[in-house]
Structure formats: structure tokens, C-alpha cells
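Input: a single structure, listed below in C-alpha cells.
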Amino acid sequence: MAEHTFSNFETTHTHSSGLRSIATDFSSDRSAFKNVSWGKAMMWIFLLSDTFVFSSFLIAYMTARMSTTVPWPNASEVFALTIGGATLPLILIAIMTFVLISSSGTMAMAVNCAYRRDRRKTAALMLLTALLGATFVGMQAFEWTKLIHEGVRPWTNPWGAAQFGSTFFMITGFHGTHVTFGVIFLLIIARKVWRGDFDHERKGFFTSRKGNYEAVEIMGLYWHFVDLVWVFIFAFFYLW
Amino acid sequence: MAQAAAHSSTHHAHGQQHPIKLYLVVWVWLFILSTCSYLVDYFQLEGFLRYSLILLFMLLKAGLIVAVFMHMAWERLSLVYAILVPMSAVLVFVAIMMLEADYTLFSRLSFFAPGQ
């Protein structure tokens, strides 16, 4: 009976559209995000706060770069690599971008397989995503090593404005940390999928709640966000 | 009406299910757009053209990732607005800091410029 009233309520209130639907959702004296599980809503709100963190870093970088009287180092030359005798500008960063986009694609496929309840494929695609993520972090470690050997420090560098080093280590460091935690998060969820936790509704170790395949989509939200942040870092830090 | 409610509840149970082809198309577009933004640097484009192309490719990529990969296009409007509207605060912050940085640069040039 309670179910029945609930679904009736839903029917009468899901009909409005546009701004009116937002007003009815927020004034309904119930959870505002209907059809959205608490897990997904919380992940979105976490990602919103994380967006502010990265925005602040990029704005700090913008302020430093706009207000310095010393020329800013040319990222195109700083991140160039010589491969087989040819010097390619920014090539390592381009490869890192493609690796991260590929991982986003495999993650999207994993979410799709998860909703088809294809346990093996989902776990395999998530492991592939984690592998690509780990590759990305590895290439970033290579990049850091190269720059540190060339004398880049948070307080100085051989090519120009001193803020270049601090901004570089801060922004790519935070992003790399996010990728690393994403890989760990991926491995944990992939293990659960592989073990069939979401098929047998096994209770979670910490939460004692039954899990379902939506966990894969929520994991995917985080992973795509990491890719999204890289899009902005690539545009503003490396290309600008 | 009851049917509509039943439909929406089954949709919820199955979550965000969309054809694989859509994901593949978006994936290919992300590769194309990334290649384009790399080529902006490769060909050493300068000035307004460079900055507008960088921003264009960036926004297209971000839009595709958020709308399709993160399923924002299919989410309920109240969630979409709850996430996107606060973003305008970031734009205001950018504007404030641009004014501030301009002022800082001006003072540095007028009072601390080397060799003057």
C-alpha cells in the first residue's frame, strides 16, 4: 500500500518539466534528487567540490602567469621529446592524453556491461582501465624525473618565471594523486564485480549494505571526472 | 499515467543503459578533438586563433565527457542544475582574479620593473 501511494506521488510530480520540475523537486519535502540513488548524488556532490579545488589551482596559475613580469617558459619546448632523431613538441603529453581518453572509453564500456550484468566483461574492462590509469601515472613519473633532472624546482627553473615549477608540481601532482586513487578504487570495485558481490547482493565489509551494479557507474563518474580535469589541464597548462 | 510511472521505475532499476554505438562514436570524437588540439601546438598557431581553438576543443571534449560518459544528458534536471549552476561561481572568481592580476602586473611594472 505504501508502495502504491509512493508511485502515485511520483506520477503526479514527475509530469512537470523545465524549471517547474526543479521547483517541485526541491519543494517536495522529500529527497530532492528523485530517481537518483544517494550514492550517485553524493559522488556528484563530491565531484562538484573537487571541481572547486582544481578550479582554484588553475585560477592561481592564471593569476601567477598574468601578473609576472618575467617571461613564462614555453611548454611546447619544455615538454618536447626527441624520438628517433626527430624533436616532437609536447609529444609525451599528447600520448598521456590519448592513454587517459582510452581509459575513459574502456570505463564507459565497463559501465555498459555492468548494467547487462556481464560479470566477467565488466571486471576485465575495469582492470584494463586500471592498467591504462597506471600507465598514465608511470608516464607522469617519467615526466617529473626528466624535469627535475633539468633543474626544475618549485622555486626556480632554467627557462623563466619561477612560478612555473610550483604550478607544474602542484597541478600535475594533485591530478596524478587523483588518478592513483582512482586506480585503487577501480581495483577494489573490479574485485567485487569479479567475485559476484553484486549478483548475490553480498553485504559490504564496512557498510553492511547490499551492493548493486550501480557501484560501477558511480566508480565511472569518478574516473571520467579525472579525465575531465586533464582536459582542462592540457588546454590551460600545456597548450596555452 | 500508471504505465508511465511503471516505465520510469523499470528504467531506474536498469540504470543508465544506452547503445554501445553511442559510446564508441563519442570515444572516436574525443580522439579526433584531442588530435586537433595537439595539432594547434604542432603547427605553432599564434594569437587569437590559437586561444579560440584551444578553448573550443576543450569545451567540446568536456561537454562530450560530461553529457554522455557521465550520463548528465539523461539525469533529472534538478541534479543537473544542482551541479552546473554552482560552476558560475568559478567564472566569477576567474573574472575577479583577472582584474587582480592585471592590477598586480601594473604595479610591478610601475614600481618594481628591473633596471629602472
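Simple scheme: letters A, B, ... for chains in C-alpha cells order, numbers from 1 for residues in each chain, numbers from 1 for ligands in the order shown.
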
Give me, as JSON lines, each residue of chain B that comes within 6 Å of chain A, together with its shortest interatomic pair and the distance in Å at one decimal, counting only C-alpha atoms, with rows ordered by chain and rising residue number.
{"residue": "B:Ala5", "atom": "CA", "partner": "A:Thr11", "partner_atom": "CA", "distance": 5.5}
{"residue": "B:Trp27", "atom": "CA", "partner": "A:Gly105", "partner_atom": "CA", "distance": 5.9}
{"residue": "B:Ala62", "atom": "CA", "partner": "A:Leu228", "partner_atom": "CA", "distance": 6.0}
{"residue": "B:Met70", "atom": "CA", "partner": "A:Leu221", "partner_atom": "CA", "distance": 5.6}
{"residue": "B:Ser78", "atom": "CA", "partner": "A:Ile22", "partner_atom": "CA", "distance": 4.8}
{"residue": "B:Ala101", "atom": "CA", "partner": "A:Ser67", "partner_atom": "CA", "distance": 4.9}
{"residue": "B:Thr104", "atom": "CA", "partner": "A:Ser67", "partner_atom": "CA", "distance": 5.7}
{"residue": "B:Leu105", "atom": "CA", "partner": "A:Ser67", "partner_atom": "CA", "distance": 4.4}

> DSSP says helix (DSSP H, G or I) for which residues of stretch 119-156 of chain A? Put them as a PyMOL selection string?
Replying inline: chain A and resi 119-149

Write the residues you've just listed into a file as a CSV table (one decimal), in the first residue's frame, and include C-alpha atoms for each of them.
chain,number,residue,atom,x,y,z
A,119,ARG,CA,30.3,-10.0,-14.6
A,120,ARG,CA,33.4,-11.2,-16.5
A,121,LYS,CA,33.5,-8.5,-19.1
A,122,THR,CA,32.8,-5.7,-16.6
A,123,ALA,CA,35.7,-6.9,-14.4
A,124,ALA,CA,38.0,-7.3,-17.4
A,125,LEU,CA,37.2,-3.8,-18.7
A,126,MET,CA,37.7,-2.3,-15.3
A,127,LEU,CA,41.1,-4.0,-15.0
A,128,LEU,CA,42.1,-2.6,-18.4
A,129,THR,CA,41.0,0.8,-17.3
A,130,ALA,CA,43.2,0.5,-14.2
A,131,LEU,CA,46.1,-0.6,-16.3
A,132,LEU,CA,45.8,2.4,-18.6
A,133,GLY,CA,45.5,4.6,-15.5
A,134,ALA,CA,48.7,3.1,-14.0
A,135,THR,CA,50.4,3.7,-17.4
A,136,PHE,CA,49.4,7.3,-17.2
A,137,VAL,CA,50.9,7.7,-13.7
A,138,GLY,CA,54.0,5.9,-14.9
A,139,MET,CA,54.5,8.4,-17.7
A,140,GLN,CA,53.9,11.3,-15.3
A,141,ALA,CA,56.6,9.9,-13.1
A,142,PHE,CA,58.9,9.8,-16.1
A,143,GLU,CA,58.0,13.5,-16.9
A,144,TRP,CA,58.7,14.6,-13.3
A,145,THR,CA,62.0,12.8,-13.3
A,146,LYS,CA,63.0,14.4,-16.6
A,147,LEU,CA,62.1,17.9,-15.4
A,148,ILE,CA,63.7,17.5,-12.0
A,149,HIS,CA,67.0,16.4,-13.7

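Closest approach to B:Val40 among B:Val92, B:Leu53, B:Met72, B:Leu22: B:Leu53, based on only C-alpha atoms.
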
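All residues within stretch 51-219 of chain A that the backbone DSSP calculation assigns to strand (DSSP E or B) are A:Leu81, A:Thr82, A:Ile83, A:Ala86, A:Thr87, A:Leu88, A:Arg153, A:Thr156, A:Lys203, A:Lys210.
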